[in-house]
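K.L.:
Just start_4.pdb, nothing more (PDB, C-alpha atoms, pLDDT in the B column):
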ATOM      1  CA  MET A1197       0.000   0.000   0.000  1.00 47.00           C
ATOM      2  CA  GLU A1198       1.332   3.462  -0.885  1.00 52.00           C
ATOM      3  CA  GLN A1199       2.278   5.574   2.089  1.00 52.00           C
ATOM      4  CA  GLN A1200       0.173   8.614   2.959  1.00 56.00           C
ATOM      5  CA  HIS A1201       2.402  11.666   3.303  1.00 57.00           C
ATOM      6  CA  THR A1202       2.112  14.433   5.889  1.00 68.00           C
ATOM      7  CA  GLU A1203       5.086  16.516   4.902  1.00 75.00           C
ATOM      8  CA  ARG A1204       7.576  17.784   7.482  1.00 84.00           C
ATOM      9  CA  TRP A1205       9.507  19.849   4.933  1.00 92.00           C
ATOM     10  CA  GLU A1206      10.125  20.053   1.226  1.00 96.00           C
ATOM     11  CA  GLU A1207      12.799  21.480  -1.035  1.00 97.00           C
ATOM     12  CA  ARG A1208      13.583  21.730  -4.746  1.00 98.00           C
ATOM     13  CA  ILE A1209      17.099  21.076  -6.035  1.00 98.00           C
ATOM     14  CA  PRO A1210      17.634  22.740  -9.444  1.00 97.00           C
ATOM     15  CA  GLY A1211      19.182  20.617 -12.177  1.00 97.00           C
ATOM     16  CA  GLY A1212      22.957  20.534 -11.884  1.00 97.00           C
ATOM     17  CA  CYS A1213      22.914  21.626  -8.231  1.00 97.00           C
ATOM     18  CA  HIS A1214      23.566  19.624  -5.071  1.00 98.00           C
ATOM     19  CA  TRP A1215      22.246  19.040  -1.541  1.00 98.00           C
ATOM     20  CA  SER A1216      23.099  17.229   1.672  1.00 98.00           C
ATOM     21  CA  GLY A1217      21.358  16.753   4.981  1.00 98.00           C
ATOM     22  CA  LEU A1218      20.696  14.542   7.968  1.00 98.00           C
ATOM     23  CA  VAL A1219      17.674  12.257   7.540  1.00 98.00           C
ATOM     24  CA  ARG A1220      16.489  10.695  10.791  1.00 97.00           C
ATOM     25  CA  ARG A1221      15.347   7.095  11.083  1.00 97.00           C
ATOM     26  CA  GLY A1222      11.579   6.885  10.961  1.00 97.00           C
ATOM     27  CA  THR A1223      11.532   9.446   8.144  1.00 98.00           C
ATOM     28  CA  THR A1224      10.486   8.793   4.553  1.00 98.00           C
ATOM     29  CA  LEU A1225      12.083  11.051   1.974  1.00 98.00           C
ATOM     30  CA  ARG A1226      10.337  11.337  -1.383  1.00 98.00           C
ATOM     31  CA  LEU A1227      12.564  12.161  -4.364  1.00 98.00           C
ATOM     32  CA  THR A1228      10.577  13.539  -7.307  1.00 98.00           C
ATOM     33  CA  ASP A1229      11.683  14.002 -10.903  1.00 98.00           C
ATOM     34  CA  VAL A1230      10.140  17.442 -11.345  1.00 98.00           C
ATOM     35  CA  ASP A1231      10.208  17.856 -15.125  1.00 97.00           C
ATOM     36  CA  GLY A1232      11.288  14.416 -16.396  1.00 97.00           C
ATOM     37  CA  GLY A1233      14.754  13.158 -17.249  1.00 96.00           C
ATOM     38  CA  ALA A1234      16.379  14.007 -13.918  1.00 98.00           C
ATOM     39  CA  ASN A1235      19.278  12.105 -12.408  1.00 98.00           C
ATOM     40  CA  ALA A1236      19.785  12.086  -8.636  1.00 98.00           C
ATOM     41  CA  ALA A1237      23.214  10.734  -7.727  1.00 98.00           C
ATOM     42  CA  VAL A1238      23.063   9.790  -4.053  1.00 98.00           C
ATOM     43  CA  LEU A1239      25.397   8.548  -1.308  1.00 98.00           C
ATOM     44  CA  PHE A1240      24.609   7.565   2.286  1.00 99.00           C
ATOM     45  CA  TYR A1241      26.724   7.714   5.461  1.00 98.00           C
ATOM     46  CA  ASN A1242      25.996   6.729   9.070  1.00 98.00           C
ATOM     47  CA  GLN A1243      25.571  10.087  10.785  1.00 97.00           C
ATOM     48  CA  ASP A1244      27.108   8.801  14.041  1.00 96.00           C
ATOM     49  CA  GLU A1245      30.055   6.991  12.431  1.00 96.00           C
ATOM     50  CA  ARG A1246      30.731   8.309   8.953  1.00 97.00           C
ATOM     51  CA  LEU A1247      33.266   5.625   8.130  1.00 97.00           C
ATOM     52  CA  GLU A1248      30.178   3.448   7.649  1.00 98.00           C
ATOM     53  CA  ARG A1249      28.808   4.269   4.232  1.00 98.00           C
ATOM     54  CA  TYR A1250      26.715   2.930   1.343  1.00 98.00           C
ATOM     55  CA  ASN A1251      28.094  -0.259  -0.207  1.00 98.00           C
ATOM     56  CA  MET A1252      27.035  -0.989  -3.778  1.00 98.00           C
ATOM     57  CA  ALA A1253      28.394  -4.549  -3.893  1.00 98.00           C
ATOM     58  CA  ASP A1254      26.640  -5.689  -0.717  1.00 97.00           C
ATOM     59  CA  THR A1255      23.413  -3.987  -1.779  1.00 98.00           C
ATOM     60  CA  LEU A1256      23.317  -5.847  -5.085  1.00 98.00           C
ATOM     61  CA  LYS A1257      24.569  -9.288  -4.081  1.00 97.00           C
ATOM     62  CA  SER A1258      22.391  -9.550  -0.961  1.00 97.00           C
ATOM     63  CA  GLN A1259      19.270  -8.920  -3.050  1.00 98.00           C
ATOM     64  CA  HIS A1260      20.387 -10.665  -6.269  1.00 97.00           C
ATOM     65  CA  THR A1261      19.757  -7.581  -8.397  1.00 97.00           C
ATOM     66  CA  PHE A1262      21.463  -5.176 -10.807  1.00 96.00           C
ATOM     67  CA  ARG A1263      19.000  -2.318 -10.313  1.00 97.00           C
ATOM     68  CA  LEU A1264      16.941  -0.928  -7.441  1.00 98.00           C
ATOM     69  CA  THR A1265      13.187  -0.499  -7.160  1.00 98.00           C
ATOM     70  CA  LYS A1266      10.350  -0.916  -4.643  1.00 98.00           C
ATOM     71  CA  GLY A1267      11.139  -3.473  -1.933  1.00 98.00           C
ATOM     72  CA  HIS A1268      14.916  -3.132  -2.243  1.00 98.00           C
ATOM     73  CA  ALA A1269      17.147  -1.829   0.543  1.00 98.00           C
ATOM     74  CA  CYS A1270      20.319   0.294   0.480  1.00 98.00           C
ATOM     75  CA  TYR A1271      23.038  -1.393   2.547  1.00 98.00           C
ATOM     76  CA  SER A1272      26.046  -0.081   4.419  1.00 98.00           C
ATOM     77  CA  ASP A1273      29.428  -1.800   4.487  1.00 98.00           C
ATOM     78  CA  MET A1274      28.526  -3.059   7.987  1.00 97.00           C
ATOM     79  CA  GLY A1275      25.560  -5.137   6.812  1.00 97.00           C
ATOM     80  CA  ARG A1276      23.025  -2.582   8.009  1.00 98.00           C
ATOM     81  CA  ILE A1277      20.268  -0.822   6.076  1.00 98.00           C
ATOM     82  CA  PHE A1278      20.250   2.921   5.596  1.00 98.00           C
ATOM     83  CA  CYS A1279      16.853   2.925   3.943  1.00 98.00           C
ATOM     84  CA  TYR A1280      14.533   0.867   1.775  1.00 98.00           C
ATOM     85  CA  ILE A1281      12.423   1.825  -1.218  1.00 98.00           C
ATOM     86  CA  ALA A1282       8.831   1.941  -0.006  1.00 98.00           C
ATOM     87  CA  ALA A1283       7.297   3.258  -3.243  1.00 98.00           C
ATOM     88  CA  ASP A1284       8.578   3.758  -6.772  1.00 98.00           C
ATOM     89  CA  THR A1285       6.825   4.960  -9.906  1.00 98.00           C
ATOM     90  CA  THR A1286       9.945   4.783 -12.083  1.00 98.00           C
ATOM     91  CA  GLY A1287      10.804   1.097 -11.673  1.00 97.00           C
ATOM     92  CA  TRP A1288      14.542   1.168 -12.349  1.00 98.00           C
ATOM     93  CA  HIS A1289      17.401   3.039 -10.689  1.00 98.00           C
ATOM     94  CA  ASP A1290      21.021   2.665 -11.818  1.00 98.00           C
ATOM     95  CA  THR A1291      23.554   1.281  -9.343  1.00 98.00           C
ATOM     96  CA  VAL A1292      26.807   0.858 -11.259  1.00 97.00           C
ATOM     97  CA  CYS A1293      27.711   3.875 -13.403  1.00 98.00           C
ATOM     98  CA  GLY A1294      28.971   6.381 -10.839  1.00 98.00           C
ATOM     99  CA  VAL A1295      29.021  10.152 -11.402  1.00 98.00           C
ATOM    100  CA  SER A1296      30.273  12.523 -14.072  1.00 98.00           C
ATOM    101  CA  ASP A1297      33.521  14.398 -13.468  1.00 98.00           C
ATOM    102  CA  ALA A1298      34.671  17.784 -14.747  1.00 97.00           C
ATOM    103  CA  GLU A1299      36.521  16.345 -17.749  1.00 98.00           C
ATOM    104  CA  LEU A1300      33.497  14.339 -18.928  1.00 98.00           C
ATOM    105  CA  ILE A1301      31.295  17.431 -18.658  1.00 98.00           C
ATOM    106  CA  ARG A1302      33.858  19.503 -20.585  1.00 97.00           C
ATOM    107  CA  GLN A1303      34.152  16.940 -23.380  1.00 97.00           C
ATOM    108  CA  GLN A1304      30.411  16.450 -23.788  1.00 97.00           C
ATOM    109  CA  TYR A1305      28.966  19.889 -23.136  1.00 97.00           C
ATOM    110  CA  GLY A1306      31.811  22.378 -23.236  1.00 97.00           C
ATOM    111  CA  VAL A1307      32.701  24.865 -20.510  1.00 96.00           C
ATOM    112  CA  ALA A1308      30.377  27.254 -18.701  1.00 95.00           C
ATOM    113  CA  ARG A1309      32.091  28.740 -15.650  1.00 93.00           C
ATOM    114  CA  TYR A1310      30.443  30.374 -12.657  1.00 89.00           C
ATOM    115  CA  GLN A1311      32.321  33.608 -13.373  1.00 90.00           C
ATOM    116  CA  GLU A1312      30.354  34.097 -16.608  1.00 93.00           C
ATOM    117  CA  HIS A1313      27.218  31.983 -16.140  1.00 93.00           C
ATOM    118  CA  ARG A1314      26.575  32.116 -12.379  1.00 90.00           C
ATOM    119  CA  ASN A1315      23.962  29.490 -11.414  1.00 87.00           C
ATOM    120  CA  SER A1316      23.716  28.308 -15.028  1.00 87.00           C
ATOM    121  CA  MET A1317      27.284  27.006 -14.905  1.00 96.00           C
ATOM    122  CA  PHE A1318      27.999  23.411 -15.978  1.00 97.00           C
ATOM    123  CA  ARG A1319      28.582  21.352 -12.818  1.00 96.00           C
ATOM    124  CA  SER A1320      29.738  17.747 -12.693  1.00 98.00           C
ATOM    125  CA  GLY A1321      28.234  15.172 -10.381  1.00 98.00           C
ATOM    126  CA  LEU A1322      31.550  14.620  -8.613  1.00 98.00           C
ATOM    127  CA  ASP A1323      32.150  18.329  -7.990  1.00 98.00           C
ATOM    128  CA  GLY A1324      28.674  18.665  -6.490  1.00 98.00           C
ATOM    129  CA  MET A1325      29.242  15.727  -4.180  1.00 98.00           C
ATOM    130  CA  LEU A1326      32.638  17.014  -3.052  1.00 98.00           C
ATOM    131  CA  ILE A1327      31.171  20.425  -2.194  1.00 98.00           C
ATOM    132  CA  GLU A1328      28.517  18.772  -0.028  1.00 98.00           C
ATOM    133  CA  LEU A1329      30.904  16.274   1.564  1.00 98.00           C
ATOM    134  CA  GLY A1330      33.226  19.111   2.537  1.00 98.00           C
ATOM    135  CA  LYS A1331      30.462  20.618   4.665  1.00 98.00           C
ATOM    136  CA  TRP A1332      30.576  17.500   6.863  1.00 98.00           C
ATOM    137  CA  GLY A1333      34.338  17.028   7.121  1.00 98.00           C
ATOM    138  CA  LEU A1334      34.460  14.446   4.334  1.00 98.00           C
ATOM    139  CA  GLY A1335      36.237  14.473   0.980  1.00 98.00           C
ATOM    140  CA  MET A1336      37.439  12.615  -2.087  1.00 98.00           C
ATOM    141  CA  ARG A1337      38.458   9.496  -0.165  1.00 97.00           C
ATOM    142  CA  ASP A1338      34.871   9.188   1.058  1.00 98.00           C
ATOM    143  CA  VAL A1339      33.352   9.022  -2.435  1.00 98.00           C
ATOM    144  CA  VAL A1340      32.201   5.468  -3.202  1.00 98.00           C
ATOM    145  CA  SER A1341      29.969   3.910  -5.876  1.00 98.00           C
ATOM    146  CA  ASN A1342      26.668   5.758  -5.752  1.00 98.00           C
ATOM    147  CA  ILE A1343      23.043   5.225  -6.751  1.00 98.00           C
ATOM    148  CA  ASN A1344      21.630   7.161  -9.725  1.00 98.00           C
ATOM    149  CA  PHE A1345      17.935   7.511  -8.966  1.00 98.00           C
ATOM    150  CA  PHE A1346      15.631   7.933 -11.996  1.00 98.00           C
ATOM    151  CA  SER A1347      18.258   6.641 -14.460  1.00 98.00           C
ATOM    152  CA  LYS A1348      18.076   3.260 -16.213  1.00 98.00           C
ATOM    153  CA  VAL A1349      21.144   1.479 -17.571  1.00 98.00           C
ATOM    154  CA  THR A1350      21.161  -2.072 -18.926  1.00 98.00           C
ATOM    155  CA  ALA A1351      23.914  -4.316 -20.290  1.00 96.00           C
ATOM    156  CA  THR A1352      23.913  -5.896 -23.739  1.00 96.00           C
ATOM    157  CA  ALA A1353      24.983  -9.496 -24.382  1.00 96.00           C
ATOM    158  CA  SER A1354      28.492  -8.204 -25.110  1.00 96.00           C
ATOM    159  CA  GLY A1355      28.624  -6.301 -21.826  1.00 94.00           C
ATOM    160  CA  LYS A1356      28.110  -2.782 -23.195  1.00 96.00           C
ATOM    161  CA  LEU A1357      26.177  -0.478 -20.851  1.00 97.00           C
ATOM    162  CA  VAL A1358      23.203   1.282 -22.471  1.00 98.00           C
ATOM    163  CA  PHE A1359      21.515   4.398 -21.082  1.00 98.00           C
ATOM    164  CA  HIS A1360      17.727   4.474 -21.577  1.00 98.00           C
ATOM    165  CA  ILE A1361      16.442   7.916 -22.511  1.00 97.00           C
ATOM    166  CA  GLY A1362      13.044   8.793 -21.060  1.00 95.00           C
ATOM    167  CA  ASN A1363      13.097   6.223 -18.254  1.00 97.00           C
ATOM    168  CA  SER A1364      11.665   8.745 -15.801  1.00 98.00           C
ATOM    169  CA  LYS A1365       8.729  11.037 -16.548  1.00 97.00           C
ATOM    170  CA  ALA A1366       7.737  14.356 -15.010  1.00 98.00           C
ATOM    171  CA  GLY A1367       6.290  13.694 -11.557  1.00 98.00           C
ATOM    172  CA  SER A1368       7.892  10.265 -11.131  1.00 98.00           C
ATOM    173  CA  TYR A1369       8.973   9.635  -7.555  1.00 98.00           C
ATOM    174  CA  VAL A1370      10.740   7.203  -5.259  1.00 98.00           C
ATOM    175  CA  ASP A1371      10.164   6.983  -1.486  1.00 98.00           C
ATOM    176  CA  LEU A1372      13.160   6.170   0.723  1.00 98.00           C
ATOM    177  CA  SER A1373      12.196   5.054   4.239  1.00 98.00           C
ATOM    178  CA  PHE A1374      15.126   5.411   6.635  1.00 98.00           C
ATOM    179  CA  GLU A1375      16.106   2.893   9.302  1.00 98.00           C
ATOM    180  CA  MET A1376      19.332   4.675  10.272  1.00 98.00           C
ATOM    181  CA  ASP A1377      20.198   8.276  11.126  1.00 98.00           C
ATOM    182  CA  THR A1378      21.778   9.033   7.774  1.00 98.00           C
ATOM    183  CA  LEU A1379      23.865  11.740   6.177  1.00 98.00           C
ATOM    184  CA  MET A1380      22.579  11.843   2.604  1.00 98.00           C
ATOM    185  CA  VAL A1381      24.456  13.569  -0.223  1.00 98.00           C
ATOM    186  CA  LEU A1382      22.766  14.293  -3.559  1.00 98.00           C
ATOM    187  CA  SER A1383      23.950  15.732  -6.868  1.00 98.00           C
ATOM    188  CA  ALA A1384      21.472  16.504  -9.664  1.00 98.00           C
ATOM    189  CA  ALA A1385      24.069  16.672 -12.461  1.00 98.00           C
ATOM    190  CA  PRO A1386      23.599  14.599 -15.651  1.00 98.00           C
ATOM    191  CA  HIS A1387      24.161  10.846 -15.589  1.00 98.00           C
ATOM    192  CA  PRO A1388      27.637   9.993 -16.976  1.00 98.00           C
ATOM    193  CA  LEU A1389      26.134   7.944 -19.838  1.00 98.00           C
ATOM    194  CA  ASP A1390      23.397  10.423 -20.789  1.00 98.00           C
ATOM    195  CA  PRO A1391      23.948  11.024 -24.536  1.00 97.00           C
ATOM    196  CA  ALA A1392      22.351  14.498 -24.586  1.00 96.00           C
ATOM    197  CA  ASP A1393      24.503  17.031 -26.433  1.00 94.00           C
ATOM    198  CA  THR A1394      23.298  20.009 -24.393  1.00 97.00           C
ATOM    199  CA  TYR A1395      23.625  20.486 -20.638  1.00 97.00           C
ATOM    200  CA  ARG A1396      20.076  20.388 -19.278  1.00 96.00           C
ATOM    201  CA  PRO A1397      19.900  18.321 -16.061  1.00 97.00           C
ATOM    202  CA  GLY A1398      16.483  18.026 -14.440  1.00 97.00           C
ATOM    203  CA  ALA A1399      15.391  19.354 -11.067  1.00 98.00           C
ATOM    204  CA  VAL A1400      14.803  17.002  -8.111  1.00 98.00           C
ATOM    205  CA  GLY A1401      12.162  17.602  -5.453  1.00 98.00           C
ATOM    206  CA  LEU A1402      12.584  16.467  -1.852  1.00 98.00           C
ATOM    207  CA  ALA A1403       9.738  16.006   0.624  1.00 98.00           C
ATOM    208  CA  ALA A1404      10.075  14.426   4.081  1.00 98.00           C
ATOM    209  CA  SER A1405       7.326  12.756   6.085  1.00 97.00           C
ATOM    210  CA  ALA A1406       6.949  10.259   8.919  1.00 97.00           C
ATOM    211  CA  THR A1407       7.257   6.620   7.837  1.00 97.00           C
ATOM    212  CA  THR A1408       3.956   4.790   8.176  1.00 95.00           C
ATOM    213  CA  PRO A1409       3.706   1.587  10.278  1.00 95.00           C
ATOM    214  CA  GLY A1410       4.307  -1.592   8.292  1.00 95.00           C
ATOM    215  CA  ALA A1411       6.120   0.200   5.470  1.00 96.00           C
ATOM    216  CA  ALA A1412       9.035  -2.282   5.660  1.00 97.00           C
ATOM    217  CA  ALA A1413       6.872  -5.335   4.928  1.00 97.00           C
ATOM    218  CA  GLU A1414       7.783  -5.612   1.248  1.00 96.00           C
ATOM    219  CA  CYS A1415      11.470  -5.039   1.935  1.00 98.00           C
ATOM    220  CA  ALA A1416      11.388  -7.828   4.541  1.00 97.00           C
ATOM    221  CA  ARG A1417      10.131 -10.342   1.967  1.00 96.00           C
ATOM    222  CA  ILE A1418      13.753 -10.679   0.858  1.00 97.00           C
ATOM    223  CA  ALA A1419      15.387 -12.973   3.399  1.00 95.00           C
ATOM    224  CA  GLU A1420      18.679 -11.076   3.600  1.00 97.00           C
ATOM    225  CA  ASN A1421      16.809  -7.846   4.216  1.00 98.00           C
ATOM    226  CA  MET A1422      15.231  -9.308   7.348  1.00 97.00           C
ATOM    227  CA  ARG A1423      18.749  -9.781   8.694  1.00 97.00           C
ATOM    228  CA  GLY A1424      19.765  -6.287   7.592  1.00 98.00           C
ATOM    229  CA  LEU A1425      16.757  -4.730   9.315  1.00 97.00           C
ATOM    230  CA  HIS A1426      17.531  -6.707  12.471  1.00 96.00           C
ATOM    231  CA  ASN A1427      21.171  -5.582  12.435  1.00 96.00           C
ATOM    232  CA  THR A1428      20.151  -1.948  12.027  1.00 97.00           C
ATOM    233  CA  ARG A1429      17.503  -1.954  14.749  1.00 95.00           C
ATOM    234  CA  ARG A1430      19.899  -3.708  17.132  1.00 95.00           C
ATOM    235  CA  LEU A1431      22.346  -0.840  16.632  1.00 94.00           C
ATOM    236  CA  TYR A1432      19.850   1.538  18.217  1.00 94.00           C
ATOM    237  CA  ALA A1433      18.557  -0.945  20.773  1.00 91.00           C
ATOM    238  CA  CYS A1434      22.102  -1.184  22.151  1.00 68.00           C
ATOM    239  CA  GLY A1435      22.597   2.544  22.112  1.00 64.00           C
ATOM    240  CA  ARG A1436      23.382   4.958  19.314  1.00 58.00           C
ATOM    241  CA  GLY A1437      26.624   4.195  17.529  1.00 52.00           C
ATOM    242  CA  VAL A1438      27.214   0.860  19.337  1.00 47.00           C
ATOM    243  CA  ALA A1439      27.497  -2.240  17.157  1.00 45.00           C
TER     244      ALA A1439
END
Hey, can you dump this file as structure tokens for me?
P.N.:
Amino acid sequence: MEQQHTERWEERIPGGCHWSGLVRRGTTLRLTDVDGGANAAVLFYNQDERLERYNMADTLKSQHTFRLTKGHACYSDMGRIFCYIAADTTGWHDTVCGVSDAELIRQQYGVARYQEHRNSMFRSGLDGMLIELGKWGLGMRDVVSNINFFSKVTATASGKLVFHIGNSKAGSYVDLSFEMDTLMVLSAAPHPLDPADTYRPGAVGLAASATTPGAAAECARIAENMRGLHNTRRLYACGRGVA
């Protein structure tokens, strides 16, 4: 059943911009593709011990998947769950392609510096993440493989990765229900495989609400996720930050 939202706060991240914040456990954060074609590159860190962060390999192998959608969880490198996807109208979110860097942006779109273009400058996904990480005492060594919400990438029989244009429509959303007090970092720059020849990243909306009772039921249908949920809840049962 879709969660009913009573919003605590909401915010709009313009395309190409970036955001970070602390999301408390018991909160559901809705990410919305405002105009269609957005890409939300996201990383998660344990707010109380930031050496614990999102782990792509554990997330995929524990759930036997290449992509994320409703019912899937986002794992840390300690076998705990930051959040799970409680609702999803897009159906496919990329897990393996990382973020764009300044050189990729330059080669594909050219150069548009802040000095001349102000907020219309061309930002890379990596630069956006590093700006946000710096606000929390983190940096380049803390950048790991991220999730690209709203983007779909598949592999051909020969192993070539293919970006699917139009995977996400205007108004598409994904609900992330948090089990851990989480530092979340988001960059709304273009996906690194997006073939567009002009720089026009889409805006991402954020809206927080209280997680409804029973929201984890679908996530818990995956056996490994039951263990992950148990590990995460035990962390707080024993006291914040204690394994």
K.L.:
How would you write as a ChimeraX atom specification the residues that get within 8 Å of (23.9, 4.0, 1.3) in the file's frame, counting only C-alpha atoms?
P.N.:
/A:1238-1241,1249-1252,1270-1272,1277-1279,1342
K.L.:
Could you tell me how far atom CA of Arg1226 of chain A lies from atom CA of Met1336 of chain A, in Å and to one decimal?
P.N.:
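Result for atom CA of Arg1226 of chain A versus atom CA of Met1336 of chain A: 27.1 Å, one decimal.
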K.L.:
Just checking: using all atoms listed in the file, which residue out of A:Gly1410, A:Gly1212, A:Gly1324, A:Gly1222 ends up closest to Ala1384 of chain A?
P.N.:
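When distances to Ala1384 of chain A are compared using all atoms listed in the file, the smallest one comes from A:Gly1212.
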K.L.:
In Å to one decimal, how far is atom CA of Ile1418 of chain A from atom CA of Met1376 of chain A?
P.N.:
18.9 Å
K.L.:
Could you tell me which residues the PyMOL selection byres ((chain A and resi 1290) around 9) returns for this structure, as a list in words?
P.N.:
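Those residues are Phe1262, Arg1263, Leu1264, Trp1288, His1289, Thr1291, Val1292, Cys1293, Gly1294, Asn1342, Ile1343, Asn1344, Phe1345, Phe1346, Ser1347, Lys1348, Val1349 and Thr1350 of chain A.
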K.L.:
Go ahead and write the residues just picked, C-alpha atoms, as a CSV table (one decimal), in the frame of the given file.
P.N.:
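Final file, again_1.csv:
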chain,number,residue,atom,x,y,z
A,1262,PHE,CA,21.5,-5.2,-10.8
A,1263,ARG,CA,19.0,-2.3,-10.3
A,1264,LEU,CA,16.9,-0.9,-7.4
A,1288,TRP,CA,14.5,1.2,-12.3
A,1289,HIS,CA,17.4,3.0,-10.7
A,1291,THR,CA,23.6,1.3,-9.3
A,1292,VAL,CA,26.8,0.9,-11.3
A,1293,CYS,CA,27.7,3.9,-13.4
A,1294,GLY,CA,29.0,6.4,-10.8
A,1342,ASN,CA,26.7,5.8,-5.8
A,1343,ILE,CA,23.0,5.2,-6.8
A,1344,ASN,CA,21.6,7.2,-9.7
A,1345,PHE,CA,17.9,7.5,-9.0
A,1346,PHE,CA,15.6,7.9,-12.0
A,1347,SER,CA,18.3,6.6,-14.5
A,1348,LYS,CA,18.1,3.3,-16.2
A,1349,VAL,CA,21.1,1.5,-17.6
A,1350,THR,CA,21.2,-2.1,-18.9
K.L.:
Using all atoms listed in the file, which of A:Gly1267, A:Gly1306, A:Gly1398, A:Gly1333 sits nearest Cys1213 of chain A?
P.N.:
A:Gly1398
K.L.:
Is there a way to complete segment 1392-1413 of chain A with N, CA and C atoms and then write that out as an mmCIF file, in the frame of the given file?
P.N.:
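Generated file (part-v6.cif):
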data_model
loop_
_atom_site.group_PDB
_atom_site.id
_atom_site.type_symbol
_atom_site.label_atom_id
_atom_site.label_comp_id
_atom_site.auth_asym_id
_atom_site.auth_seq_id
_atom_site.Cartn_x
_atom_site.Cartn_y
_atom_site.Cartn_z
ATOM 1 N N ALA A 1392 22.795 13.159 -24.177
ATOM 2 C CA ALA A 1392 22.351 14.498 -24.586
ATOM 3 C C ALA A 1392 23.545 15.368 -24.947
ATOM 4 N N ASP A 1393 23.389 16.183 -25.996
ATOM 5 C CA ASP A 1393 24.503 17.031 -26.433
ATOM 6 C C ASP A 1393 24.418 18.445 -25.882
ATOM 7 N N THR A 1394 23.385 18.733 -25.095
ATOM 8 C CA THR A 1394 23.298 20.009 -24.393
ATOM 9 C C THR A 1394 23.130 19.748 -22.901
ATOM 10 N N TYR A 1395 23.649 20.641 -22.087
ATOM 11 C CA TYR A 1395 23.625 20.486 -20.638
ATOM 12 C C TYR A 1395 22.272 20.965 -20.115
ATOM 13 N N ARG A 1396 21.403 20.027 -19.776
ATOM 14 C CA ARG A 1396 20.076 20.388 -19.278
ATOM 15 C C ARG A 1396 19.600 19.387 -18.222
ATOM 16 N N PRO A 1397 20.315 19.252 -17.116
ATOM 17 C CA PRO A 1397 19.900 18.321 -16.061
ATOM 18 C C PRO A 1397 18.581 18.745 -15.433
ATOM 19 N N GLY A 1398 17.797 17.752 -15.000
ATOM 20 C CA GLY A 1398 16.483 18.026 -14.440
ATOM 21 C C GLY A 1398 16.512 18.296 -12.952
ATOM 22 N N ALA A 1399 15.522 19.038 -12.484
ATOM 23 C CA ALA A 1399 15.391 19.354 -11.067
ATOM 24 C C ALA A 1399 14.867 18.144 -10.291
ATOM 25 N N VAL A 1400 15.239 18.074 -9.001
ATOM 26 C CA VAL A 1400 14.803 17.002 -8.111
ATOM 27 C C VAL A 1400 14.105 17.616 -6.906
ATOM 28 N N GLY A 1401 12.886 17.148 -6.625
ATOM 29 C CA GLY A 1401 12.162 17.602 -5.453
ATOM 30 C C GLY A 1401 12.377 16.674 -4.279
ATOM 31 N N LEU A 1402 12.457 17.240 -3.081
ATOM 32 C CA LEU A 1402 12.584 16.467 -1.852
ATOM 33 C C LEU A 1402 11.419 16.805 -0.931
ATOM 34 N N ALA A 1403 10.817 15.784 -0.334
ATOM 35 C CA ALA A 1403 9.738 16.006 0.624
ATOM 36 C C ALA A 1403 9.824 14.938 1.705
ATOM 37 N N ALA A 1404 9.916 15.354 2.960
ATOM 38 C CA ALA A 1404 10.075 14.426 4.081
ATOM 39 C C ALA A 1404 8.766 14.274 4.837
ATOM 40 N N SER A 1405 8.515 13.053 5.291
ATOM 41 C CA SER A 1405 7.326 12.756 6.085
ATOM 42 C C SER A 1405 7.648 11.620 7.040
ATOM 43 N N ALA A 1406 6.762 11.372 7.994
ATOM 44 C CA ALA A 1406 6.949 10.259 8.919
ATOM 45 C C ALA A 1406 6.653 8.940 8.202
ATOM 46 N N THR A 1407 7.479 7.939 8.432
ATOM 47 C CA THR A 1407 7.257 6.620 7.837
ATOM 48 C C THR A 1407 6.035 5.970 8.483
ATOM 49 N N THR A 1408 5.164 5.414 7.658
ATOM 50 C CA THR A 1408 3.956 4.790 8.176
ATOM 51 C C THR A 1408 4.252 3.396 8.724
ATOM 52 N N PRO A 1409 3.501 2.936 9.730
ATOM 53 C CA PRO A 1409 3.706 1.587 10.278
ATOM 54 C C PRO A 1409 3.541 0.521 9.197
ATOM 55 N N GLY A 1410 4.393 -0.488 9.235
ATOM 56 C CA GLY A 1410 4.307 -1.592 8.292
ATOM 57 C C GLY A 1410 4.922 -1.321 6.942
ATOM 58 N N ALA A 1411 5.571 -0.156 6.775
ATOM 59 C CA ALA A 1411 6.120 0.200 5.470
ATOM 60 C C ALA A 1411 7.239 -0.739 5.026
ATOM 61 N N ALA A 1412 7.896 -1.412 5.983
ATOM 62 C CA ALA A 1412 9.035 -2.282 5.660
ATOM 63 C C ALA A 1412 8.619 -3.683 5.229
ATOM 64 N N ALA A 1413 7.337 -3.971 5.181
ATOM 65 C CA ALA A 1413 6.872 -5.335 4.928
ATOM 66 C C ALA A 1413 7.390 -5.892 3.611
#
